[in-house]
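The structure appears right after this line, and notes come after that.
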There are 2 protein chains.
Amino acid sequence: MNLRIPGPTPCPPDVLAAVAQPMINHRGPEFANVLTTASEGLKWVFGTSSEVFTLTASGTGGLEAAIVNVLSPGDPVLSISIGSFGERFANIAKSYGANVDTYSVEWGKAADPTEVAARLESNPNYKAILVTHNETSTGVTNPLKEIAEVAKPYDCLVIVDAVSSLSSIPCPVEEWGLDVVISGSQKGWMSPPGLAFVWLSEKAWLANESATMPRFYFDLARAKNSLEKGQTPWTPALSVFFALEHAFGLMREEGLESIYERHRKAGELTRSIAIKNGLELFADNDYASNTVTAIKWPENVDGKKISSLARDKFNVVIGGGQAKLQGKIFRIGHLGHFELKEIEDAVLTVVNLLENSTEG
Amino acid sequence: MNLRIPGPTPCPPDVLAAVAQPMINHRGPEFANVLTTASEGLKWVFGTSSEVFTLTASGTGGLEAAIVNVLSPGDPVLSISIGSFGERFANIAKSYGANVDTYSVEWGKAADPTEVAARLESNPNYKAILVTHNETSTGVTNPLKEIAEVAKPYDCLVIVDAVSSLSSIPCPVEEWGLDVVISGSQKGWMSPPGLAFVWLSEKAWLANESATMPRFYFDLARAKNSLEKGQTPWTPALSVFFALEHAFGLMREEGLESIYERHRKAGELTRSIAIKNGLELFADNDYASNTVTAIKWPENVDGKKISSLARDKFNVVIGGGQAKLQGKIFRIGHLGHFELKEIEDAVLTVVNLLENSTEG
C-alpha cells in the first residue's frame with residue numbers, strides 16, 4: 001500500500017522488524033540503553049544540548065503536555081491559528097483555563113510576523129504564544145523563525161507545535177529561540193504512532209516552577225527525574241521505542257541536510273505535478289509545506305469516491321480535508337520514509353482517476 | 001529471556017509478528033475493522049455490553065482519564081490505598097483538586113470491606129471511592145466484589161484500577177456494580193504497552209456531564225463520539241492495536257475461564273515453591289494475587305545483586321520492590337502469556353542463587 005496521508009507514515013521494513021522485538025524490563029539496563037539512543041537522536045534533530053522528553057501519547061498529548069507544564073489558569077495567551085491544528089492547540093489551552101486571544105489567519109495562508117509583532121506590542125503581557133510550525137490541515141508552513149524573532153523582546157514563551165515538521169523541515173529549537181517544542185513519532189521520524197516528544201528551554205523550565213495547571217501523567221518534572229535514572233515515569237510504549245532506536249540509525253546515515261533536501265524535493269515535485277495537470281493548490285505558494293500538500297478537488301467532483309477508488313483499485317491512500325475543508329481538498333503526505341517515485345505515483349493516480357471521471 | 005516482571009509481559013511470537021504490520025490510515029476502513037475487533041474483545045473481557053475506550057497511554061494515563069472524566073475540583077473522594085499504586089491513584093485525584101480522604105492499609109494486607117462501609121456511613125457524601133483491584137506493588141488482590149457491595153447504598157462512584165487484574169482475574173464490571181474501570185495492554189492482555197482501556201457505567205456517564213476537571217487528550221466524551229465513526233480522536237498507537245487484535249484471537253481460543261484457571265495455578269505454584277524453599281511471602285495469604293507474587297528477601301541478602309545475577313547469568317528478569325519496599329522484596333509476574341514451567345524456572349533460579357550466596 002502506498003500510504004500517502006500526512007501520518008501515520010510508512011515505516012521502513014527494518015524499522016518494522018525492530019518494532020517486533022520481544023518485551024524488556026522498562027526499569028532495567030536494556031531499556032536505559034534504548035532510551036539513551038532515542039534521547040541522543042532527539043537532541044540531535046531538535047538542535048539542542050538539553051533533554052527532549054518522550055511521552056507515551058499521540059502528538060495531541062504532547063501539545064497538552066506543552067501547555068499544562070508552563071502555564072497557569074487565567075494566563076493570557078496569544079494563539080496564532082492558521083488551520084485545524086492551530087484551533088486544537090488553542091482549545092487545549094482554553095480547556096485548562098488559559099485566557100486565549102486568537103490571531104486567526106485565513107486557511108491556506110501563513111501567519112504574518114508583522115501582525116504578530118503588532119499584537120504583542122498592544123498586549124505585552126502575554127505569557128505565551130502558541131504557534132503551529134507546519135499546519136497539516138492546510139499544507140502551510142509558518143515563517144516560524146521570523147515569528148520567534150518578533151517575540152524576542154517580550155517575556156512570552158514561544159510554544160511550537162512542530163508535530164509534522166520536526167525531522168523533515170529545519171527547526172533548530174535553540175538557534176531560533178523557541179521555548180516549548182513538540183513532535184510525534186508517526187510523522188517524519190519513520191516510526192509508528194505512540195510517542196510524543198517535548199522539549200523545554202531554560203526559560204520554559206523556569207516557568208514550569210510556578211505553572212499551576214493540573215498535571216500528572218504529562219508532568220515533565222517527573223519525566224526529568226526519571227530520565228536521570230534512564231527511565232520514564234510510567235510504562236513506555238516499548239515497541240515504538242524499538243522503532244525509534246532503529247530509525248535514528250537510518251536518519252544519521254542519511255544525514256539531516258539530505259533528509260531536509262529530500263523533503264524539499266518531494267514538496268516541489270508534488271506541487272509541480274498537480275499544477276502541470278491543471279489542479280489548484282490550496283496553500284499560498286510562498287509558504288507551501290514540504291511535508292504535506294493540500295490540493296483542491298476540481299468543481300463538481302466527488303472527492304470521496306475518487307479517494308475510495310485510489311485506495312481500492314490502486315492501493316494509494318490519500319488524506320481528505322479536515323473540518324471545513326472536508327470534501328474540498330485532498331492531501332498528499334510526503335514525510336518520513338519515502339521514495340520520490342511513490343509520491344509521483346500517488347499524485348498521478350489521482351490525476352488519472354480525475355481525468356477518467358470527467359470523461360465518464 | 002524469561003521476563004517475569006508484572007508488566008510489560010512477554011508477548012506470544014505471533015502477537016509480535018502482528019505488531020510489525022505496516023502502518024494504515026487511522027481514519028480509514030482498515031483501522032475501523034481493527035478497532036471493532038479490539039472493542040468487541042474488550043467488552044467480552046470486561047463483561048459489559050457498553051463500550052470500552054482505548055487510549056494511547058500507559059495504565060497511569062488511564063487512571064488519570066478515569067478521574068478527570070467524572071469528578072470536579074473539590075469533590076470529596078475516599079481513596080482505599082493498600083500500596084504504591086493506591087497512592088498513585090490518590091495523588092492523581094489530588095493533582096486535579098479532589099478532596100481526598102485516605103483509608104490506608106498496611107502494605108501486604110487487603111482492604112476490609114467492613115471498614116469501607118463504616119467510612120461511607122460516617123461520610124455518605126463521597127462522590128467516589130478509588131480502589132485498586134490488584135495491587136502490583138505488594139501482590140495483594142482486594143475483595144473488590146465485597147467493597148463494591150458495601151458502596152451500593154451510596155451515591156458514590158466505584159472507580160477501579162484493574163490494570164494488573166482484568167483479563168487475568170475475574171472482574172465482571174457490570175455484575176459487580178462498578179462504575180469506572182481501567183486496564184492496560186501490557187498486563188494480562190498479551191500485548192506491548194501503549195494502550196489503556198477505560199470503561200464507564202451509565203451512572204459514570206451521567207457524572208461525566210457535570211464533571212468539571214479539565215481534560216482534552218483524555219476526554220472520553222470525544223472518544224465516544226469518535227468510536228461511533230470507527231475512529232479514535234487522536235492518532236492511535238497502531239502497532240499495539242495490531243497486537244491486541246491478534247491477542248484477542250488467542251484469548252477467545254483459550255477461553256476466559258481457562259485463562260483465569262491458568263493464572264490461579266500460576267499464583268499457587270509460585271507461592272508453594274517459595275514456601276517449600278523457606279522463603280516468606282509478603283502478601284496476606286488470604287488475598288495473595290494470582291498475577292504477581294511478592295516475596296521477602298531473606299535477612300542480610302543483597303537483593304539487587306541476586307536480581308542482576310538472575311538476569312545476567314540465567315536470563316531471568318524479576319521485579320524489585322517499589323517505594324518503601326525497595327530492597328526488601330522481589331516480585332514474580334505471572335500474567336498474560338506464560339507457561340507454568342517458565343514461572344517455576346524463574347522462582348527456582350532465585351532460590352538457587354540464594355542458596356549459593358548463603359553458602360559462599
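Going through the C-alpha cells in order, the chains are called A, B, and so on, while each chain numbers its residues from 1 and the ligands are numbered from 1 in the order shown.
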As a PDB file with C-alpha atoms, in the first residue's frame, which residues of segment 52-293 of chain B does DSSP assign to alpha helix (DSSP H)?
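What ended up in out20.pdb:
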ATOM      1  CA  GLY B  59      -2.162   2.481  32.602  1.00  0.00           C
ATOM      2  CA  THR B  60      -1.407   5.647  34.592  1.00  0.00           C
ATOM      3  CA  GLY B  61      -2.888   7.705  31.757  1.00  0.00           C
ATOM      4  CA  GLY B  62      -5.973   5.511  32.039  1.00  0.00           C
ATOM      5  CA  LEU B  63      -6.161   6.225  35.789  1.00  0.00           C
ATOM      6  CA  GLU B  64      -5.978   9.954  35.066  1.00  0.00           C
ATOM      7  CA  ALA B  65      -8.719   9.639  32.422  1.00  0.00           C
ATOM      8  CA  ALA B  66     -10.920   7.780  34.927  1.00  0.00           C
ATOM      9  CA  ILE B  67     -10.674  10.600  37.445  1.00  0.00           C
ATOM     10  CA  VAL B  68     -10.872  13.722  35.269  1.00  0.00           C
ATOM     11  CA  SER B  84       2.158   2.139  45.774  1.00  0.00           C
ATOM     12  CA  PHE B  85      -0.472   2.138  43.016  1.00  0.00           C
ATOM     13  CA  GLY B  86      -3.208   3.040  45.502  1.00  0.00           C
ATOM     14  CA  GLU B  87      -1.106   6.044  46.488  1.00  0.00           C
ATOM     15  CA  ARG B  88      -0.622   6.976  42.851  1.00  0.00           C
ATOM     16  CA  PHE B  89      -4.363   6.852  42.219  1.00  0.00           C
ATOM     17  CA  ALA B  90      -4.980   9.197  45.174  1.00  0.00           C
ATOM     18  CA  ASN B  91      -2.190  11.528  44.025  1.00  0.00           C
ATOM     19  CA  ILE B  92      -3.752  11.882  40.577  1.00  0.00           C
ATOM     20  CA  ALA B  93      -7.073  12.848  42.174  1.00  0.00           C
ATOM     21  CA  LYS B  94      -5.284  15.346  44.452  1.00  0.00           C
ATOM     22  CA  SER B  95      -3.372  16.848  41.496  1.00  0.00           C
ATOM     23  CA  PRO B 113     -14.995  -4.064  53.264  1.00  0.00           C
ATOM     24  CA  THR B 114     -16.428  -3.537  56.770  1.00  0.00           C
ATOM     25  CA  GLU B 115     -14.054  -0.623  57.293  1.00  0.00           C
ATOM     26  CA  VAL B 116     -15.028   0.801  53.888  1.00  0.00           C
ATOM     27  CA  ALA B 117     -18.692   0.504  54.902  1.00  0.00           C
ATOM     28  CA  ALA B 118     -18.009   2.328  58.176  1.00  0.00           C
ATOM     29  CA  ARG B 119     -16.210   5.164  56.398  1.00  0.00           C
ATOM     30  CA  LEU B 120     -19.015   5.534  53.879  1.00  0.00           C
ATOM     31  CA  GLU B 121     -21.563   5.562  56.694  1.00  0.00           C
ATOM     32  CA  SER B 122     -19.732   8.326  58.528  1.00  0.00           C
ATOM     33  CA  LEU B 144     -13.389  -5.885  45.117  1.00  0.00           C
ATOM     34  CA  LYS B 145     -16.797  -7.523  44.798  1.00  0.00           C
ATOM     35  CA  GLU B 146     -17.427  -7.085  48.539  1.00  0.00           C
ATOM     36  CA  ILE B 147     -16.114  -3.498  48.529  1.00  0.00           C
ATOM     37  CA  ALA B 148     -18.411  -2.600  45.631  1.00  0.00           C
ATOM     38  CA  GLU B 149     -21.279  -4.277  47.500  1.00  0.00           C
ATOM     39  CA  VAL B 150     -20.953  -2.078  50.593  1.00  0.00           C
ATOM     40  CA  ALA B 151     -20.814   1.015  48.355  1.00  0.00           C
ATOM     41  CA  GLU B 202     -24.294   4.637  32.874  1.00  0.00           C
ATOM     42  CA  LYS B 203     -24.053   6.311  36.282  1.00  0.00           C
ATOM     43  CA  ALA B 204     -20.470   7.377  35.481  1.00  0.00           C
ATOM     44  CA  TRP B 205     -21.576   8.816  32.128  1.00  0.00           C
ATOM     45  CA  LEU B 206     -24.190  10.858  33.988  1.00  0.00           C
ATOM     46  CA  ALA B 207     -21.458  12.125  36.318  1.00  0.00           C
ATOM     47  CA  ASN B 208     -19.388  12.946  33.243  1.00  0.00           C
ATOM     48  CA  GLU B 209     -21.958  15.518  32.143  1.00  0.00           C
ATOM     49  CA  SER B 210     -21.318  17.735  35.154  1.00  0.00           C
ATOM     50  CA  LEU B 220     -13.845  10.294  26.980  1.00  0.00           C
ATOM     51  CA  ALA B 221     -16.823  12.178  25.502  1.00  0.00           C
ATOM     52  CA  ARG B 222     -14.586  12.829  22.480  1.00  0.00           C
ATOM     53  CA  ALA B 223     -13.535   9.171  22.471  1.00  0.00           C
ATOM     54  CA  LYS B 224     -17.216   8.188  22.471  1.00  0.00           C
ATOM     55  CA  ASN B 225     -18.033  10.443  19.512  1.00  0.00           C
ATOM     56  CA  SER B 226     -15.062   9.124  17.559  1.00  0.00           C
ATOM     57  CA  LEU B 227     -15.756   5.464  18.317  1.00  0.00           C
ATOM     58  CA  LEU B 238      -1.475   1.352  15.650  1.00  0.00           C
ATOM     59  CA  SER B 239       1.187  -1.296  16.348  1.00  0.00           C
ATOM     60  CA  VAL B 240      -0.242  -2.038  19.775  1.00  0.00           C
ATOM     61  CA  PHE B 241      -3.725  -2.220  18.266  1.00  0.00           C
ATOM     62  CA  PHE B 242      -2.412  -4.815  15.784  1.00  0.00           C
ATOM     63  CA  ALA B 243      -1.087  -6.824  18.750  1.00  0.00           C
ATOM     64  CA  LEU B 244      -4.341  -6.565  20.630  1.00  0.00           C
ATOM     65  CA  GLU B 245      -6.373  -7.630  17.614  1.00  0.00           C
ATOM     66  CA  HIS B 246      -4.317 -10.810  17.416  1.00  0.00           C
ATOM     67  CA  ALA B 247      -4.208 -11.360  21.189  1.00  0.00           C
ATOM     68  CA  PHE B 248      -7.997 -11.437  21.361  1.00  0.00           C
ATOM     69  CA  GLY B 249      -7.949 -14.330  18.901  1.00  0.00           C
ATOM     70  CA  LEU B 250      -5.681 -16.257  21.271  1.00  0.00           C
ATOM     71  CA  MET B 251      -7.754 -15.316  24.303  1.00  0.00           C
ATOM     72  CA  ARG B 252     -11.008 -16.435  22.699  1.00  0.00           C
ATOM     73  CA  GLU B 253      -9.366 -19.715  21.728  1.00  0.00           C
ATOM     74  CA  GLU B 254      -8.232 -20.364  25.300  1.00  0.00           C
ATOM     75  CA  LEU B 256     -11.841 -16.754  29.816  1.00  0.00           C
ATOM     76  CA  GLU B 257     -12.382 -19.479  32.428  1.00  0.00           C
ATOM     77  CA  SER B 258      -9.265 -21.335  31.292  1.00  0.00           C
ATOM     78  CA  ILE B 259      -7.263 -18.112  31.388  1.00  0.00           C
ATOM     79  CA  TYR B 260      -8.390 -17.419  34.954  1.00  0.00           C
ATOM     80  CA  GLU B 261      -7.608 -21.019  35.911  1.00  0.00           C
ATOM     81  CA  ARG B 262      -4.108 -20.777  34.404  1.00  0.00           C
ATOM     82  CA  HIS B 263      -3.444 -17.643  36.456  1.00  0.00           C
ATOM     83  CA  ARG B 264      -4.831 -19.269  39.616  1.00  0.00           C
ATOM     84  CA  LYS B 265      -2.448 -22.204  39.117  1.00  0.00           C
ATOM     85  CA  ALA B 266       0.478 -19.876  38.487  1.00  0.00           C
ATOM     86  CA  GLY B 267      -0.209 -17.994  41.706  1.00  0.00           C
ATOM     87  CA  GLU B 268      -0.466 -21.210  43.728  1.00  0.00           C
ATOM     88  CA  LEU B 269       2.652 -22.672  42.131  1.00  0.00           C
ATOM     89  CA  THR B 270       4.741 -19.566  42.802  1.00  0.00           C
ATOM     90  CA  ARG B 271       3.653 -19.361  46.407  1.00  0.00           C
ATOM     91  CA  SER B 272       4.154 -23.077  47.054  1.00  0.00           C
ATOM     92  CA  ILE B 273       7.673 -23.163  45.574  1.00  0.00           C
ATOM     93  CA  ALA B 274       8.633 -20.111  47.615  1.00  0.00           C
ATOM     94  CA  ILE B 275       7.299 -21.534  50.865  1.00  0.00           C
ATOM     95  CA  LYS B 276       8.743 -25.001  50.202  1.00  0.00           C
TER      96      LYS B 276
END
>> as JSON, numbers by chain, could you give me every residue of chain A near chain B (at most 7 Å apart, counting only C-alpha atoms)?
In response: {"A": [3, 8, 9, 10, 11, 16, 17, 19, 20, 22, 23, 24, 25, 56, 57, 58, 60, 61, 64, 92, 95, 96, 192, 193, 194, 214, 215, 216, 217, 234, 235, 236, 237, 238, 239]}
> What is the atom CA of Val316 of chain A-atom CA of Ile332 of chain A distance in Å, reported with one decimal?
Replying inline: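 Atom-to-atom, atom CA of Val316 of chain A and atom CA of Ile332 of chain A are spaced 10.2 Å apart.
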>> List as JSON, numbers by chain the protein and nucleic acid residues near Gln322 of chain B, meaning an atom at most 12 Å away when only C-alpha atoms are counted, but skip any in the same chain fewer than 6 places from it.
In response: {"A": [27], "B": [83, 84, 85, 87, 107, 135, 136, 137, 138, 139, 294, 328, 329, 330, 331]}
Mind dumping the selected residues with C-alpha atoms as a PDB file, in the first residue's frame?
ATOM      1  CA  ARG A  27      13.202  -0.446  34.713  1.00  0.00           C
TER       2      ARG A  27
ATOM      3  CA  GLY B  83       0.214   0.040  48.226  1.00  0.00           C
ATOM      4  CA  SER B  84       2.158   2.139  45.774  1.00  0.00           C
ATOM      5  CA  PHE B  85      -0.472   2.138  43.016  1.00  0.00           C
ATOM      6  CA  GLU B  87      -1.106   6.044  46.488  1.00  0.00           C
ATOM      7  CA  TRP B 107       1.189  -2.872  52.855  1.00  0.00           C
ATOM      8  CA  GLU B 135      -2.034  -4.007  43.958  1.00  0.00           C
ATOM      9  CA  THR B 136       1.012  -4.758  41.817  1.00  0.00           C
ATOM     10  CA  SER B 137       3.471  -3.339  44.361  1.00  0.00           C
ATOM     11  CA  THR B 138       2.506  -5.753  47.160  1.00  0.00           C
ATOM     12  CA  GLY B 139       0.957  -8.719  45.325  1.00  0.00           C
ATOM     13  CA  ALA B 294       5.810 -10.546  46.282  1.00  0.00           C
ATOM     14  CA  LYS B 328      13.008  -5.707  50.855  1.00  0.00           C
ATOM     15  CA  ILE B 329      11.046  -7.838  48.410  1.00  0.00           C
ATOM     16  CA  PHE B 330      11.232  -9.187  44.887  1.00  0.00           C
ATOM     17  CA  ARG B 331       8.259  -9.783  42.651  1.00  0.00           C
TER      18      ARG B 331
END
> Which of these, A:Ile80, A:Leu309, A:Leu200, A:Val301, has the shortest distance to Ala110 of chain A once you count only C-alpha atoms?
Replying inline: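 Smallest distance to Ala110 of chain A is found for A:Ile80.
Assigned to strand (DSSP E) in segment 120-207 of chain A, given DSSP computed from backbone atoms, are Ala128, Ile129, Leu130, Val131, Thr132, Asn134, Glu135, Val140, Thr141, Leu157, Val158, Ile159, Val160, Asp161, Val180, Val181, Ile182, Ser183, Gly184, Leu195, Ala196, Phe197, Val198, Trp199 and Leu200 of chain A.
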